[in-house]
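Engineer: My questions all concern the structure below.
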Amino acid sequence: MRGNAALTVSLGRGFPASYRLASVGVPTAAPISAEPGPESGWPERAERARLHFVSGKGGTGKSTVAAALALALAAGGRRVLLVEVESRQSIAQLFDRSPLPPTETKIAAADGGGEVVALALDIEHAFLEYLDMFYNLGFAGRAMRRMGAIEFVTTIAPGLRDVIVTGKIKECAVRVDHSGERVYDEVVVDSPPTGRIAGFLDVTQAMGEIAKGGPIASQADGVSRLLHSDQTLIHLVTLLEALPVQETADAVAELTANDLRIGTVIVNRANEGFLPTEIRERAADGDIDAEALRAGFAEAGITLSDADFDGLVTENVEHAATLRAQDASAAELKRVDVSQLYLPALPDGIDLGGLYELAEHLSAQGVR
């Protein structure tokens, strides 16, 4: 027996009547992670930004959050570009599509007539485009590709890879059509994880290792100005666990020291607390009134075997202990002076419908 029922029927001594089995499946308390932090919701500075980098410790769901953010920003008729830079085809998987080409491809519609366009950046394709655009050397690039030289060049000069990728992102962000209108209202980038995001965005240092002048240096300078402007924000995805919270705090400090703007911290997979704090604390210590719990089941006409009953009690204790640990992580996260957003854990996992559901949660918190 799993899900909300297992969370709402854990009856202890003094359990309020309103939390008895009649309310099975109905959340009776606010999400445990929804306690106010330094600031909650989509900050005003985020409404002015047009380029959003989404990063996070591996396993926090940053790719999922980036996709949901793109859908939320596209609502109301906007055109949003969702970019991935790690060649993992995560966008295709999230939107249930076949592998995407390294060109801009519409992948989803949003409320109000908006749309999300995807770009799965490929370093070889971007490098060929770069050579053709700045040096008129498309033919040479194609020859290099046939010889496998592009991967060799970008491997021995990893900073060049980041310069080319961020340069392509900048080109998309500032591109205008024949009438002078922006092609994209917003650009969302599924970025490298927090351990690498600062280096990825530090194109000035990367250029110091490659070239002192010429088109590459000129492009990097333009990219750097955009990345360090109010038009660009970095959003960090975390979980209410000790290691992700610590890595988030470290990333905020490092990025801020590099004069990069932090937009929000997005707490992903936030568990809902269905029990009052007092009862949750007792349950976390294993203090479950088994007799009262059995009586509650009997009152509701539910019969459980001893094995099922023991499993239910164990699940409640484990869940309560998890929530208590999340309380501690939430308290640590409050020390990070950044606006916070919250996304729930979806019981059925992430599919296309789940992405739209997460986008609705973001919209409800002011993302627009």
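Convention: chains lettered A, B, ... in structure tokens order; per-chain residue numbering from 1; ligands numbered from 1 as shown.
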Skip segment 319-327 of chain A itself and residues of its chain fewer than 3 positions away, then list as a list in words all residues within 7 Å of it, counting only C-alpha atoms.
Structural biologist: Ile32, Leu240, Glu241, Arg280, Glu281, Ala283, Ala284, Glu315, Asn316, Ala330 and Ala331 of chain A
Engineer: Can you tell me which residues surround Ala270 of chain A at a distance of at most 7 Å, considering only C-alpha atoms, apart from same-chain residues fewer than 3 positions away, and format the answer as a list in words?
Structural biologist: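 Selected residues are Ser33, Val267, Tyr342, Leu343, Pro344 and Ala345 of chain A.
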Engineer: How about saving the chosen residues, N, CA and C atoms kept, as a JSON list (two decimals), in the first residue's frame?
Structural biologist:
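File result-v7.json, as written:
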[["chain", "number", "residue", "atom", "x", "y", "z"],
["A", 33, "SER", "N", 8.61, 21.63, 1.84],
["A", 33, "SER", "CA", 9.64, 22.53, 1.34],
["A", 33, "SER", "C", 9.12, 23.91, 1.03],
["A", 267, "VAL", "N", 13.88, 24.28, -6.08],
["A", 267, "VAL", "CA", 13.87, 23.05, -5.30],
["A", 267, "VAL", "C", 13.00, 22.04, -6.03],
["A", 342, "TYR", "N", 9.58, 26.09, -6.11],
["A", 342, "TYR", "CA", 9.42, 24.71, -5.65],
["A", 342, "TYR", "C", 8.64, 23.90, -6.67],
["A", 343, "LEU", "N", 9.12, 22.71, -6.94],
["A", 343, "LEU", "CA", 8.43, 21.78, -7.83],
["A", 343, "LEU", "C", 8.20, 20.47, -7.09],
["A", 344, "PRO", "N", 7.02, 19.87, -7.25],
["A", 344, "PRO", "CA", 6.71, 18.64, -6.51],
["A", 344, "PRO", "C", 7.33, 17.41, -7.15],
["A", 345, "ALA", "N", 7.40, 16.36, -6.37],
["A", 345, "ALA", "CA", 7.74, 15.06, -6.91],
["A", 345, "ALA", "C", 6.48, 14.49, -7.55]]
Engineer: Considering only strand (DSSP E or B) as DSSP defines it on the backbone, what residues of segment 254-365 of chain A qualify? List them as a list in words.
Structural biologist: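 Here are the strand (DSSP E or B) residues of segment 254-365 of chain A: Ile262, Gly263, Thr264, Val265, Ile266, Val267, Asn268, Arg269, Ala270, Glu272, Gln340, Leu341, Tyr342, Leu343 and Pro344 of chain A.
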Engineer: In Å, rounded to a single decimal, give me how far atom CA of Asp289 of chain A is from atom CA of Thr303 of chain A.
Structural biologist: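 Atom CA of Asp289 of chain A lies at a distance of 17.2 Å from atom CA of Thr303 of chain A.
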Engineer: So that I can check the secondary structure, give me every residue of segment 173-322 of chain A assigned helix (DSSP H, G or I) by backbone DSSP, as an NGL selection string.
Structural biologist: :A and (173-174 or 194-201 or 203-208 or 214-227 or 242-257 or 277-284 or 290-299 or 306-322)
